[in-house]
$ cat input_18.tsv   # TSV, C-alpha atoms and all ligand atoms
chain	number	residue	atom	x	y	z
A	1	MET	CA	-16.80	-28.83	-36.14
A	2	ARG	CA	-15.69	-27.54	-39.53
A	3	VAL	CA	-16.79	-24.43	-41.39
A	4	ILE	CA	-17.04	-24.36	-45.18
A	5	ARG	CA	-18.34	-22.06	-47.89
A	6	PHE	CA	-20.13	-23.18	-51.01
A	7	LEU	CA	-21.78	-21.46	-53.95
A	8	GLU	CA	-25.56	-21.47	-54.28
A	9	ASN	CA	-26.90	-19.57	-57.30
A	10	SER	CA	-23.39	-18.06	-57.61
A	11	LEU	CA	-23.53	-16.66	-54.05
A	12	PRO	CA	-21.36	-17.87	-51.14
A	13	VAL	CA	-23.12	-19.69	-48.29
A	14	LEU	CA	-21.37	-20.32	-44.97
A	15	ALA	CA	-22.08	-23.71	-43.42
A	16	ALA	CA	-21.06	-25.91	-40.52
A	17	VAL	CA	-20.05	-29.52	-41.15
A	18	THR	CA	-20.39	-32.06	-38.36
A	19	GLU	CA	-18.13	-35.08	-37.79
A	20	GLU	CA	-20.75	-37.15	-39.65
A	21	ASP	CA	-20.42	-34.78	-42.67
A	22	SER	CA	-23.92	-33.31	-42.21
A	23	VAL	CA	-24.02	-29.77	-43.61
A	24	TYR	CA	-25.92	-26.95	-41.85
A	25	PRO	CA	-26.14	-23.54	-43.55
A	26	LEU	CA	-25.31	-20.75	-41.09
A	27	PRO	CA	-26.87	-17.27	-40.78
A	28	PHE	CA	-23.52	-15.43	-41.05
A	29	ALA	CA	-22.05	-13.72	-44.10
A	30	GLY	CA	-18.67	-15.34	-43.56
A	31	PHE	CA	-16.28	-17.03	-41.15
A	32	LEU	CA	-15.10	-13.72	-39.67
A	33	GLU	CA	-18.67	-12.58	-39.03
A	34	LEU	CA	-19.26	-15.83	-37.14
A	35	VAL	CA	-16.18	-15.14	-35.01
A	36	ASN	CA	-17.11	-11.49	-34.42
A	37	GLN	CA	-20.70	-12.33	-33.45
A	38	ALA	CA	-19.47	-15.00	-31.05
A	39	GLU	CA	-17.19	-12.43	-29.43
A	40	ALA	CA	-19.99	-9.84	-29.25
A	41	LYS	CA	-22.27	-12.40	-27.58
A	42	GLN	CA	-19.47	-13.46	-25.22
A	43	THR	CA	-19.59	-17.00	-26.46
A	44	THR	CA	-17.38	-19.09	-28.74
A	45	PRO	CA	-17.81	-19.82	-32.46
A	46	LEU	CA	-18.50	-23.50	-31.67
A	47	ARG	CA	-21.23	-22.68	-29.14
A	48	LEU	CA	-22.77	-20.12	-31.49
A	49	ILE	CA	-22.87	-22.73	-34.28
A	50	LEU	CA	-24.36	-25.39	-31.99
A	51	ASN	CA	-26.97	-22.88	-30.91
A	52	SER	CA	-27.94	-21.90	-34.44
A	53	ILE	CA	-28.14	-25.46	-35.79
A	54	GLU	CA	-29.88	-26.90	-32.74
A	55	LYS	CA	-33.33	-26.87	-34.30
A	56	ALA	CA	-32.31	-26.81	-37.96
A	57	ALA	CA	-32.39	-29.67	-40.42
A	58	PRO	CA	-29.21	-30.51	-42.31
A	59	LEU	CA	-28.98	-29.73	-45.99
A	60	PRO	CA	-30.47	-32.65	-47.93
A	61	ARG	CA	-27.29	-32.83	-50.02
A	62	ASP	CA	-23.94	-34.58	-49.72
A	63	LEU	CA	-20.88	-32.55	-48.88
A	64	GLU	CA	-19.24	-33.89	-52.08
A	65	SER	CA	-22.02	-32.46	-54.25
A	66	LEU	CA	-21.42	-28.85	-53.11
A	67	GLN	CA	-19.38	-26.36	-55.09
A	68	LEU	CA	-16.90	-25.47	-52.38
A	69	ILE	CA	-14.86	-22.27	-52.39
A	70	THR	CA	-12.13	-21.12	-49.97
A	71	PRO	CA	-13.61	-21.26	-46.44
A	72	LEU	CA	-12.66	-17.59	-46.05
A	73	ASP	CA	-11.02	-14.85	-48.12
A	74	ALA	CA	-7.66	-14.70	-46.36
A	75	PRO	CA	-6.43	-11.13	-46.94
A	76	GLU	CA	-2.83	-12.35	-46.62
A	77	VAL	CA	-1.18	-15.73	-46.51
A	78	TRP	CA	2.21	-15.98	-44.83
A	79	ALA	CA	4.32	-19.11	-44.60
A	80	ALA	CA	6.95	-20.52	-42.30
A	81	GLY	CA	9.77	-22.52	-43.85
A	82	VAL	CA	12.26	-25.22	-42.86
A	83	THR	CA	10.16	-26.15	-39.85
A	84	TYR	CA	10.57	-29.89	-40.52
A	85	GLU	CA	13.83	-31.81	-41.00
A	86	ARG	CA	12.60	-33.15	-44.37
A	87	SER	CA	12.23	-29.60	-45.70
A	88	LYS	CA	15.79	-28.77	-44.62
A	89	GLU	CA	17.12	-31.84	-46.49
A	90	ALA	CA	15.18	-31.01	-49.67
A	91	ARG	CA	16.41	-27.38	-49.70
A	92	ASN	CA	19.97	-28.55	-49.14
A	93	TYR	CA	19.60	-30.85	-52.14
A	94	GLU	CA	18.47	-27.88	-54.28
A	95	ALA	CA	21.10	-25.47	-52.92
A	96	THR	CA	24.06	-27.88	-53.37
A	97	GLY	CA	23.00	-29.15	-56.80
A	98	GLY	CA	22.32	-32.57	-55.24
A	99	LYS	CA	25.85	-32.88	-53.74
A	100	MET	CA	24.82	-32.22	-50.11
A	101	ASP	CA	28.47	-31.32	-49.42
A	102	GLN	CA	28.12	-28.04	-47.53
A	103	THR	CA	26.46	-26.56	-44.51
A	104	THR	CA	23.88	-24.11	-45.83
A	105	PHE	CA	21.68	-21.28	-44.57
A	106	TYR	CA	18.88	-23.90	-44.45
A	107	ASP	CA	20.85	-25.81	-41.78
A	108	LYS	CA	21.35	-22.50	-39.97
A	109	VAL	CA	17.70	-21.41	-40.07
A	110	TYR	CA	16.52	-24.83	-38.91
A	111	ASP	CA	18.59	-24.41	-35.72
A	112	ALA	CA	18.29	-20.63	-35.34
A	113	VAL	CA	16.10	-18.93	-32.73
A	114	ARG	CA	14.38	-16.86	-35.45
A	115	PRO	CA	12.24	-18.95	-37.83
A	116	GLU	CA	11.95	-18.38	-41.56
A	117	ILE	CA	8.69	-16.56	-42.30
A	118	PHE	CA	7.86	-15.21	-45.73
A	119	PHE	CA	4.97	-13.56	-47.52
A	120	LYS	CA	3.14	-16.16	-49.63
A	121	SER	CA	-0.11	-14.92	-51.12
A	122	THR	CA	-3.03	-12.53	-51.27
A	123	ALA	CA	-6.75	-13.38	-51.57
A	124	ARG	CA	-6.64	-12.71	-55.34
A	125	ARG	CA	-3.77	-15.18	-55.88
A	126	THR	CA	-5.30	-17.89	-53.70
A	127	VAL	CA	-7.66	-20.55	-55.02
A	128	GLY	CA	-10.08	-22.89	-53.27
A	129	PRO	CA	-11.01	-26.57	-53.64
A	130	ASN	CA	-11.11	-27.93	-57.21
A	131	GLN	CA	-9.87	-24.69	-58.74
A	132	PRO	CA	-6.65	-25.04	-60.75
A	133	VAL	CA	-3.27	-24.18	-59.28
A	134	TYR	CA	-0.97	-22.86	-62.00
A	135	LEU	CA	2.51	-23.83	-63.10
A	136	ARG	CA	5.05	-21.05	-63.73
A	137	GLY	CA	6.18	-20.91	-67.34
A	138	ASP	CA	9.84	-20.28	-66.43
A	139	SER	CA	10.40	-23.21	-64.06
A	140	ASN	CA	11.09	-26.87	-64.82
A	141	TRP	CA	10.96	-28.20	-61.25
A	142	GLN	CA	7.68	-27.52	-59.46
A	143	ILE	CA	6.05	-29.25	-56.52
A	144	PRO	CA	3.13	-28.81	-54.13
A	145	GLU	CA	3.94	-28.18	-50.47
A	146	PRO	CA	1.16	-29.65	-48.28
A	147	GLU	CA	0.93	-27.61	-45.10
A	148	LEU	CA	-1.26	-27.07	-42.07
A	149	GLY	CA	-2.54	-23.46	-42.08
A	150	LEU	CA	-3.32	-21.43	-38.96
A	151	VAL	CA	-6.30	-19.09	-39.38
A	152	LEU	CA	-5.54	-16.03	-37.25
A	153	ASN	CA	-7.36	-12.95	-35.99
A	154	HIS	CA	-5.73	-9.52	-35.83
A	155	LYS	CA	-4.34	-10.33	-32.38
A	156	GLY	CA	-2.59	-13.43	-33.73
A	157	GLU	CA	-4.95	-15.79	-31.92
A	158	ILE	CA	-5.53	-19.12	-33.68
A	159	LEU	CA	-9.21	-19.31	-34.68
A	160	GLY	CA	-8.91	-22.55	-36.62
A	161	TYR	CA	-6.89	-24.80	-38.90
A	162	THR	CA	-7.07	-25.25	-42.63
A	163	ILE	CA	-5.09	-26.96	-45.38
A	164	GLY	CA	-2.72	-25.01	-47.59
A	165	ASN	CA	-0.69	-25.77	-50.70
A	166	ASP	CA	2.47	-23.65	-50.87
A	167	MET	CA	3.26	-24.30	-54.57
A	168	SER	CA	7.02	-23.97	-55.05
A	169	CYS	CA	9.66	-23.87	-57.79
A	170	ARG	CA	12.67	-25.85	-56.59
A	171	ASP	CA	14.93	-24.76	-59.47
A	172	ILE	CA	14.33	-21.03	-58.98
A	173	GLU	CA	14.84	-21.22	-55.21
A	174	GLY	CA	17.88	-23.51	-55.63
A	175	GLU	CA	19.53	-21.15	-58.09
A	176	ASN	CA	19.60	-18.31	-55.57
A	177	PRO	CA	17.74	-17.90	-52.25
A	178	LEU	CA	17.15	-14.24	-53.11
A	179	TYR	CA	14.73	-15.53	-55.76
A	180	LEU	CA	12.43	-16.92	-53.04
A	181	PRO	CA	9.49	-14.57	-53.78
A	182	GLN	CA	9.56	-15.68	-57.44
A	183	ALA	CA	9.82	-19.33	-56.40
A	184	LYS	CA	6.73	-18.91	-54.22
A	185	ILE	CA	4.39	-16.20	-55.52
A	186	TRP	CA	2.58	-16.08	-58.84
A	187	ARG	CA	-1.02	-16.33	-60.08
A	188	HIS	CA	-2.86	-19.27	-58.44
A	189	SER	CA	0.27	-20.41	-56.55
A	190	CYS	CA	-1.60	-21.01	-53.29
A	191	SER	CA	-4.69	-22.99	-52.47
A	192	LEU	CA	-6.65	-23.16	-49.21
A	193	GLY	CA	-9.53	-25.30	-47.99
A	194	PRO	CA	-11.75	-27.23	-47.98
A	195	ALA	CA	-12.73	-26.21	-44.42
A	196	VAL	CA	-11.65	-24.40	-41.29
A	197	LEU	CA	-11.56	-26.77	-38.34
A	198	LEU	CA	-12.42	-24.66	-35.29
A	199	ALA	CA	-9.45	-24.40	-32.93
A	200	GLU	CA	-11.64	-25.04	-29.89
A	201	ALA	CA	-12.64	-28.40	-31.43
A	202	VAL	CA	-9.03	-29.62	-31.67
A	203	GLU	CA	-7.58	-31.56	-28.78
A	204	ASP	CA	-3.96	-31.61	-29.94
A	205	PRO	CA	-2.87	-29.80	-33.12
A	206	TYR	CA	0.55	-31.49	-32.88
A	207	ARG	CA	-1.02	-34.85	-33.76
A	208	MET	CA	-2.44	-34.16	-37.17
A	209	GLU	CA	-1.67	-36.53	-40.03
A	210	ILE	CA	-0.89	-34.89	-43.38
A	211	THR	CA	-1.01	-36.93	-46.59
A	212	CYS	CA	-0.32	-35.78	-50.13
A	213	ARG	CA	-1.20	-37.69	-53.31
A	214	ILE	CA	-0.50	-36.63	-56.86
A	215	TYR	CA	-2.37	-38.21	-59.78
A	216	ARG	CA	-1.29	-38.22	-63.43
A	217	ASN	CA	-3.61	-39.64	-66.10
A	218	GLY	CA	-5.76	-41.04	-63.27
A	219	GLN	CA	-2.81	-42.97	-61.74
A	220	LYS	CA	-1.33	-42.12	-58.36
A	221	VAL	CA	2.32	-41.16	-59.03
A	222	VAL	CA	3.32	-39.69	-55.65
A	223	GLU	CA	2.14	-40.35	-52.11
A	224	GLY	CA	3.69	-39.14	-48.87
A	225	SER	CA	2.67	-38.66	-45.25
A	226	ALA	CA	3.86	-36.66	-42.29
A	227	ASN	CA	2.58	-35.66	-38.88
A	228	THR	CA	2.55	-32.28	-37.15
A	229	SER	CA	4.26	-34.03	-34.22
A	230	GLN	CA	7.44	-33.78	-36.40
A	231	LEU	CA	7.38	-29.96	-36.34
A	232	LYS	CA	10.57	-28.37	-35.03
A	233	ARG	CA	8.73	-25.29	-33.75
A	234	LYS	CA	5.55	-24.45	-31.88
A	235	PHE	CA	2.73	-22.48	-33.51
A	236	ALA	CA	2.92	-19.77	-30.82
A	237	GLU	CA	6.58	-19.20	-31.71
A	238	LEU	CA	5.77	-18.80	-35.44
A	239	VAL	CA	2.86	-16.44	-34.72
A	240	ASP	CA	5.02	-14.45	-32.30
A	241	TYR	CA	7.57	-13.71	-35.05
A	242	LEU	CA	4.85	-12.95	-37.62
A	243	LYS	CA	3.30	-10.41	-35.25
A	244	ARG	CA	6.49	-8.55	-34.37
A	245	ASP	CA	6.09	-4.90	-35.39
A	246	ASN	CA	3.57	-6.08	-37.96
A	247	GLU	CA	-0.13	-5.55	-38.57
A	248	ILE	CA	-2.05	-8.80	-38.84
A	249	PHE	CA	-5.50	-8.71	-40.41
A	250	ASP	CA	-8.46	-10.82	-39.29
A	251	GLY	CA	-8.46	-14.03	-41.34
A	252	THR	CA	-4.74	-14.06	-42.12
A	253	VAL	CA	-3.46	-17.58	-42.73
A	254	LEU	CA	0.01	-18.69	-41.61
A	255	LEU	CA	1.19	-21.89	-43.31
A	256	THR	CA	3.42	-23.92	-41.02
A	257	GLY	CA	5.87	-25.53	-43.46
A	258	THR	CA	6.11	-28.81	-45.30
A	259	SER	CA	7.47	-32.21	-44.42
A	260	ILE	CA	6.35	-33.97	-47.59
A	261	VAL	CA	8.57	-33.51	-50.63
A	262	PRO	CA	8.08	-35.62	-53.79
A	263	PRO	CA	11.10	-37.54	-55.11
A	264	ASP	CA	13.84	-35.23	-56.44
A	265	ASP	CA	13.24	-36.28	-60.08
A	266	PHE	CA	9.54	-35.33	-59.90
A	267	THR	CA	8.00	-32.17	-61.30
A	268	LEU	CA	4.31	-31.32	-61.63
A	269	ALA	CA	2.78	-31.35	-65.11
A	270	ASP	CA	-0.28	-29.80	-66.75
A	271	GLY	CA	-3.27	-32.10	-66.07
A	272	ASP	CA	-2.01	-33.53	-62.74
A	273	ARG	CA	-4.28	-33.47	-59.71
A	274	ILE	CA	-3.03	-32.79	-56.18
A	275	GLU	CA	-4.83	-34.07	-53.09
A	276	ILE	CA	-3.81	-32.93	-49.62
A	277	GLU	CA	-5.55	-34.55	-46.67
A	278	ILE	CA	-5.24	-33.49	-43.04
A	279	SER	CA	-6.97	-35.49	-40.34
A	280	GLY	CA	-10.04	-33.70	-39.04
A	281	ILE	CA	-10.06	-31.05	-41.79
A	282	GLY	CA	-10.69	-32.97	-45.03
A	283	VAL	CA	-9.14	-33.22	-48.48
A	284	LEU	CA	-8.02	-30.26	-50.55
A	285	SER	CA	-8.03	-31.29	-54.21
A	286	ASN	CA	-6.75	-29.10	-57.07
A	287	PRO	CA	-6.07	-29.77	-60.73
A	288	VAL	CA	-2.77	-28.44	-62.09
A	289	LYS	CA	-2.69	-26.18	-65.15
A	290	ARG	CA	0.01	-24.50	-67.17
A	291	SER	CA	-0.31	-20.75	-66.58
A	292	ALA	CA	-1.68	-18.78	-69.52
A	293	GLY	CA	1.23	-16.36	-68.94
A	301	LIG	O1	13.15	-21.87	-47.58
A	301	LIG	C1	12.26	-21.86	-48.32
A	301	LIG	C2	10.87	-22.26	-48.18
A	301	LIG	C3	10.62	-23.33	-47.19
A	301	LIG	C4	9.22	-23.81	-47.19
A	301	LIG	O2	8.34	-23.30	-47.86
A	301	LIG	C5	8.83	-24.96	-46.34
A	301	LIG	O3	9.67	-25.51	-45.61
A	301	LIG	O4	7.67	-25.36	-46.37
A	302	MG	MG	6.38	-24.31	-47.74

$ encode --input "input_18.tsv" --output "C-alpha cells"
Amino acid sequence: MRVIRFLENSLPVLAAVTEEDSVYPLPFAGFLELVNQAEAKQTTPLRLILNSIEKAAPLPRDLESLQLITPLDAPEVWAAGVTYERSKEARNYEATGGKMDQTTFYDKVYDAVRPEIFFKSTARRTVGPNQPVYLRGDSNWQIPEPELGLVLNHKGEILGYTIGNDMSCRDIEGENPLYLPQAKIWRHSCSLGPAVLLAEAVEDPYRMEITCRIYRNGQKVVEGSANTSQLKRKFAELVDYLKRDNEIFDGTVLLTGTSIVPPDDFTLADGDRIEIEISGIGVLSNPVKRSAG
C-alpha cells in the first residue's frame, strides 16, 4: 500500500493507492497524522488504511490525472553517501581529475565503520513530482542521484520508503570535498515522491530495483539501473549514525546513496526531464530548469 498527496481545489488530500492503482482519499490531514492515529489506536498504518477504505469507493479518476505533491513535508532530508561501489568509483573519477591514480577519502569512507551522512535539504528546498529541479548557475557538471529514501519517525523507526533525487554538482565536489554542501544544497536541489510505500507492506527492502532515465528533446539520452541488494550498508546502520546525539523529527527522510551515475561526459541541461523508478513505489518525474539565480 502506498500513500500519496494530491491537490484538489489547491488543497492537499491524503490518499491510499492500492497495488491496482486504485486511489482512496483518506480522512487524515497528512501522512504523519495517519501514523500518529494508528499508534493511538494501537494498530498499524496499513490496518488503519484498510479499515477506513473498507466500505469506500475508489476515486473515479486515474492516478496519472492527479496533481501530485510530495507525499509528506519532510522537515529535513539527510543523505548517506558512497554506500554503493559505483558511487565510490564516480567520486574517485571526480577527485583525481579522471586519472584514478590515487587512493582517496572515498575509498576510505566506503570501507570505514562510520558511514558518510550529510545534511541534504529542508522542506522549502524540496520539490515533489513534476515540479522542476533547478540547475546551479555556477556548475558545469550536474547530475541527478536516484536514491531510495527512508521515511523516519523521531525514534528513527522506518515508517516507509520513498524515492529521492539528490541533485549533485560533480565539478564543485571534485574541486574540493569541503565544498560538499554547495555541491548538494541549493533551491530545488532535492525532489521526493511520488508516494510513500508503507514499510510494513515491504517484504525485503534490499531487493528493490532502481531505474533512472533522462530525456532531452523527448529522446532518452541516459538510462541506468541498480538494485538495493548492491548496498554496502544496512539501513539500521545508517539510521543509527544519523540518530547519534541528534534530534530526528517525525517525517525526516534519509536518502541511502546512489548506484546510478550517468556517463562522465554527461551534464544535465535546461529542459531535460528526469524519471526515477523504484519497484513498488512508482516513478518520480521532474523537469530540469536553469535556476533564476
Ligand atoms: O561523497 C559525496 C556524496 C555521495 C553521495 O551523495 C552518494 O553516494 O549518493
Ligand atoms: Mg547521493

$ residues_near_point --input "input_18.tsv" --point "(-5.2, -11.9, -45.2)" --cutoff "6 Å" --atoms "only C-alpha atoms" --output "PDB file with C-alpha atoms, in the frame of the given file"
ATOM      1  CA  ALA A  74      -7.660 -14.700 -46.360  1.00  0.00           C
ATOM      2  CA  PRO A  75      -6.430 -11.130 -46.940  1.00  0.00           C
ATOM      3  CA  GLU A  76      -2.830 -12.350 -46.620  1.00  0.00           C
ATOM      4  CA  VAL A  77      -1.180 -15.730 -46.510  1.00  0.00           C
ATOM      5  CA  PHE A 249      -5.500  -8.710 -40.410  1.00  0.00           C
ATOM      6  CA  GLY A 251      -8.460 -14.030 -41.340  1.00  0.00           C
ATOM      7  CA  THR A 252      -4.740 -14.060 -42.120  1.00  0.00           C
TER       8      THR A 252
END

$ closest_atom_pairs --input "input_18.tsv" --of "chain A" --to "ligand MG 302 (chain A)" --cutoff "10 Å" --atoms "all atoms listed in the file" --output "Markdown table"
| residue | atom | partner | partner_atom | distance |
| --- | --- | --- | --- | --- |
| A:Trp78 | CA | A:MG302 | MG | 9.8 |
| A:Ala79 | CA | A:MG302 | MG | 6.4 |
| A:Ala80 | CA | A:MG302 | MG | 6.7 |
| A:Gly81 | CA | A:MG302 | MG | 5.5 |
| A:Val82 | CA | A:MG302 | MG | 7.7 |
| A:Thr83 | CA | A:MG302 | MG | 8.9 |
| A:Ser87 | CA | A:MG302 | MG | 8.1 |
| A:Ile117 | CA | A:MG302 | MG | 9.7 |
| A:Phe118 | CA | A:MG302 | MG | 9.4 |
| A:Lys120 | CA | A:MG302 | MG | 9.0 |
| A:Pro144 | CA | A:MG302 | MG | 8.5 |
| A:Glu145 | CA | A:MG302 | MG | 5.3 |
| A:Pro146 | CA | A:MG302 | MG | 7.5 |
| A:Glu147 | CA | A:MG302 | MG | 6.9 |
| A:Leu148 | CA | A:MG302 | MG | 9.9 |
| A:Gly164 | CA | A:MG302 | MG | 9.1 |
| A:Asn165 | CA | A:MG302 | MG | 7.8 |
| A:Asp166 | CA | A:MG302 | MG | 5.1 |
| A:Met167 | CA | A:MG302 | MG | 7.5 |
| A:Ser168 | CA | A:MG302 | MG | 7.3 |
| A:Lys184 | CA | A:MG302 | MG | 8.4 |
| A:Leu255 | CA | A:MG302 | MG | 7.2 |
| A:Thr256 | CA | A:MG302 | MG | 7.4 |
| A:Gly257 | CA | A:MG302 | MG | 4.5 |
| A:Thr258 | CA | A:MG302 | MG | 5.1 |
| A:Ser259 | CA | A:MG302 | MG | 8.6 |
| A:Ile260 | CA | A:MG302 | MG | 9.7 |
| A:Val261 | CA | A:MG302 | MG | 9.9 |

$ atom_distance --input "input_18.tsv" --atom1 "CA of Leu7 (chain A)" --atom2 "CA of Cys190 (chain A)"
20.2 Å

$ closest_residue --input "input_18.tsv" --among "A:Thr44, A:Glu275, A:Gly282, A:Arg124" --to "Met208 (chain A)" --atoms "only C-alpha atoms"
A:Gly282

$ residues_around --input "input_18.tsv" --residues "Arg233 (chain A)" --least-positions-apart "4" --cutoff "12 Å" --atoms "all atoms listed in the file" --output "list in words"
Ala80, Gly81, Val82, Thr83, Tyr84, Glu85, Val109, Tyr110, Asp111, Ala112, Val113, Arg114, Pro115, Glu116, Tyr206, Thr228, Ser229, Glu237, Leu238, Val239, Asp240, Tyr241, Thr256 and Gly257 of chain A

$ atom_distance --input "input_18.tsv" --atom1 "CA of Ile69 (chain A)" --atom2 "CA of Asp21 (chain A)"
16.8 Å

$ atom_distance --input "input_18.tsv" --atom1 "CA of Glu33 (chain A)" --atom2 "CA of Leu48 (chain A)"
11.4 Å

$ residues_around --input "input_18.tsv" --residues "region 194-201 of chain A" --least-positions-apart "5" --cutoff "6 Å" --atoms "all atoms listed in the file" --output "PyMOL selection string"
chain A and resi 2-4+71+129+159-162+281+284

$ write_last_selection --input "input_18.tsv" --atoms "C-alpha atoms" --output "PDB file, in the frame of the given file"
ATOM      1  CA  ARG A   2     -15.690 -27.540 -39.530  1.00  0.00           C
ATOM      2  CA  VAL A   3     -16.790 -24.430 -41.390  1.00  0.00           C
ATOM      3  CA  ILE A   4     -17.040 -24.360 -45.180  1.00  0.00           C
ATOM      4  CA  PRO A  71     -13.610 -21.260 -46.440  1.00  0.00           C
ATOM      5  CA  PRO A 129     -11.010 -26.570 -53.640  1.00  0.00           C
ATOM      6  CA  LEU A 159      -9.210 -19.310 -34.680  1.00  0.00           C
ATOM      7  CA  GLY A 160      -8.910 -22.550 -36.620  1.00  0.00           C
ATOM      8  CA  TYR A 161      -6.890 -24.800 -38.900  1.00  0.00           C
ATOM      9  CA  THR A 162      -7.070 -25.250 -42.630  1.00  0.00           C
ATOM     10  CA  ILE A 281     -10.060 -31.050 -41.790  1.00  0.00           C
ATOM     11  CA  LEU A 284      -8.020 -30.260 -50.550  1.00  0.00           C
TER      12      LEU A 284
END

$ closest_residue --input "input_18.tsv" --among "A:Met100, A:Ala123, A:Ala183, A:Ile276" --to "ligand LIG 301 (chain A)" --atoms "all atoms listed in the file"
A:Ala183

$ closest_residue --input "input_18.tsv" --among "A:Pro177, A:Gly128, A:Gly280, A:Pro262" --to "ligand LIG 301 (chain A)" --atoms "all atoms listed in the file"
A:Pro177

$ closest_residue --input "input_18.tsv" --among "A:Leu152, A:Ile163, A:Ala90, A:Ile278" --to "ligand LIG 301 (chain A)" --atoms "all atoms listed in the file"
A:Ala90

$ closest_residue --input "input_18.tsv" --among "A:Asp265, A:Glu54, A:Asp272, A:Glu173" --to "ligand LIG 301 (chain A)" --atoms "all atoms listed in the file"
A:Glu173

$ residues_around --input "input_18.tsv" --residues "Asn130 (chain A)" --least-positions-apart "3" --cutoff "12 Å" --atoms "all atoms listed in the file" --output "tab-separated table (two decimals) with C-alpha atoms, in the coordinates of the input"
chain	number	residue	atom	x	y	z
A	6	PHE	CA	-20.13	-23.18	-51.01
A	64	GLU	CA	-19.24	-33.89	-52.08
A	66	LEU	CA	-21.42	-28.85	-53.11
A	67	GLN	CA	-19.38	-26.36	-55.09
A	68	LEU	CA	-16.90	-25.47	-52.38
A	69	ILE	CA	-14.86	-22.27	-52.39
A	70	THR	CA	-12.13	-21.12	-49.97
A	127	VAL	CA	-7.66	-20.55	-55.02
A	133	VAL	CA	-3.27	-24.18	-59.28
A	191	SER	CA	-4.69	-22.99	-52.47
A	192	LEU	CA	-6.65	-23.16	-49.21
A	193	GLY	CA	-9.53	-25.30	-47.99
A	194	PRO	CA	-11.75	-27.23	-47.98
A	273	ARG	CA	-4.28	-33.47	-59.71
A	274	ILE	CA	-3.03	-32.79	-56.18
A	275	GLU	CA	-4.83	-34.07	-53.09
A	276	ILE	CA	-3.81	-32.93	-49.62
A	283	VAL	CA	-9.14	-33.22	-48.48
A	284	LEU	CA	-8.02	-30.26	-50.55
A	285	SER	CA	-8.03	-31.29	-54.21
A	286	ASN	CA	-6.75	-29.10	-57.07
A	287	PRO	CA	-6.07	-29.77	-60.73
A	288	VAL	CA	-2.77	-28.44	-62.09
A	289	LYS	CA	-2.69	-26.18	-65.15

$ residues_around --input "input_18.tsv" --residues "Arg290 (chain A)" --least-positions-apart "6" --cutoff "8 Å" --atoms "only C-alpha atoms" --output "list in words"
Tyr134, Leu135, Arg136, Gly137, Ala269 and Asp270 of chain A

$ closest_residue --input "input_18.tsv" --among "A:Ile172, A:Ala15, A:Ala57, A:Val221" --to "ligand LIG 301 (chain A)" --atoms "only C-alpha atoms and all ligand atoms"
A:Ile172

$ decode --input "input_18.tsv" --residues "region 214-228 of chain A" --atoms "N, CA and C atoms" --output "PDB file, in the first residue's frame"
ATOM      1  N   ILE A 214      16.863   9.720 -18.354  1.00  0.00           N
ATOM      2  CA  ILE A 214      16.903  11.171 -18.588  1.00  0.00           C
ATOM      3  C   ILE A 214      16.536  11.417 -20.050  1.00  0.00           C
ATOM      4  N   TYR A 215      15.598  12.327 -20.261  1.00  0.00           N
ATOM      5  CA  TYR A 215      15.104  12.639 -21.611  1.00  0.00           C
ATOM      6  C   TYR A 215      15.541  14.046 -22.004  1.00  0.00           C
ATOM      7  N   ARG A 216      15.978  14.180 -23.250  1.00  0.00           N
ATOM      8  CA  ARG A 216      16.323  15.509 -23.802  1.00  0.00           C
ATOM      9  C   ARG A 216      15.613  15.641 -25.140  1.00  0.00           C
ATOM     10  N   ASN A 217      14.874  16.697 -25.325  1.00  0.00           N
ATOM     11  CA  ASN A 217      14.076  16.893 -26.546  1.00  0.00           C
ATOM     12  C   ASN A 217      13.227  15.656 -26.849  1.00  0.00           C
ATOM     13  N   GLY A 218      12.663  15.058 -25.800  1.00  0.00           N
ATOM     14  CA  GLY A 218      11.788  13.897 -25.981  1.00  0.00           C
ATOM     15  C   GLY A 218      12.521  12.580 -26.221  1.00  0.00           C
ATOM     16  N   GLN A 219      13.851  12.620 -26.364  1.00  0.00           N
ATOM     17  CA  GLN A 219      14.623  11.379 -26.603  1.00  0.00           C
ATOM     18  C   GLN A 219      15.285  10.944 -25.305  1.00  0.00           C
ATOM     19  N   LYS A 220      15.300   9.621 -25.072  1.00  0.00           N
ATOM     20  CA  LYS A 220      16.000   9.119 -23.885  1.00  0.00           C
ATOM     21  C   LYS A 220      17.507   9.189 -24.144  1.00  0.00           C
ATOM     22  N   VAL A 221      18.237   9.931 -23.281  1.00  0.00           N
ATOM     23  CA  VAL A 221      19.687  10.066 -23.503  1.00  0.00           C
ATOM     24  C   VAL A 221      20.510   9.316 -22.460  1.00  0.00           C
ATOM     25  N   VAL A 222      19.892   8.969 -21.339  1.00  0.00           N
ATOM     26  CA  VAL A 222      20.592   8.195 -20.297  1.00  0.00           C
ATOM     27  C   VAL A 222      19.606   7.203 -19.706  1.00  0.00           C
ATOM     28  N   GLU A 223      20.086   5.999 -19.473  1.00  0.00           N
ATOM     29  CA  GLU A 223      19.267   5.024 -18.718  1.00  0.00           C
ATOM     30  C   GLU A 223      20.212   4.150 -17.902  1.00  0.00           C
ATOM     31  N   GLY A 224      19.881   3.948 -16.636  1.00  0.00           N
ATOM     32  CA  GLY A 224      20.717   3.085 -15.798  1.00  0.00           C
ATOM     33  C   GLY A 224      19.865   2.422 -14.743  1.00  0.00           C
ATOM     34  N   SER A 225      20.312   1.259 -14.278  1.00  0.00           N
ATOM     35  CA  SER A 225      19.569   0.527 -13.249  1.00  0.00           C
ATOM     36  C   SER A 225      20.505   0.028 -12.159  1.00  0.00           C
ATOM     37  N   ALA A 226      19.932  -0.149 -10.998  1.00  0.00           N
ATOM     38  CA  ALA A 226      20.684  -0.699  -9.867  1.00  0.00           C
ATOM     39  C   ALA A 226      19.680  -1.415  -8.975  1.00  0.00           C
ATOM     40  N   ASN A 227      20.192  -2.068  -7.944  1.00  0.00           N
ATOM     41  CA  ASN A 227      19.301  -2.774  -7.033  1.00  0.00           C
ATOM     42  C   ASN A 227      19.803  -2.530  -5.614  1.00  0.00           C
ATOM     43  N   THR A 228      18.865  -2.390  -4.673  1.00  0.00           N
ATOM     44  CA  THR A 228      19.286  -2.131  -3.289  1.00  0.00           C
ATOM     45  C   THR A 228      20.059  -3.315  -2.702  1.00  0.00           C
TER      46      THR A 228
END
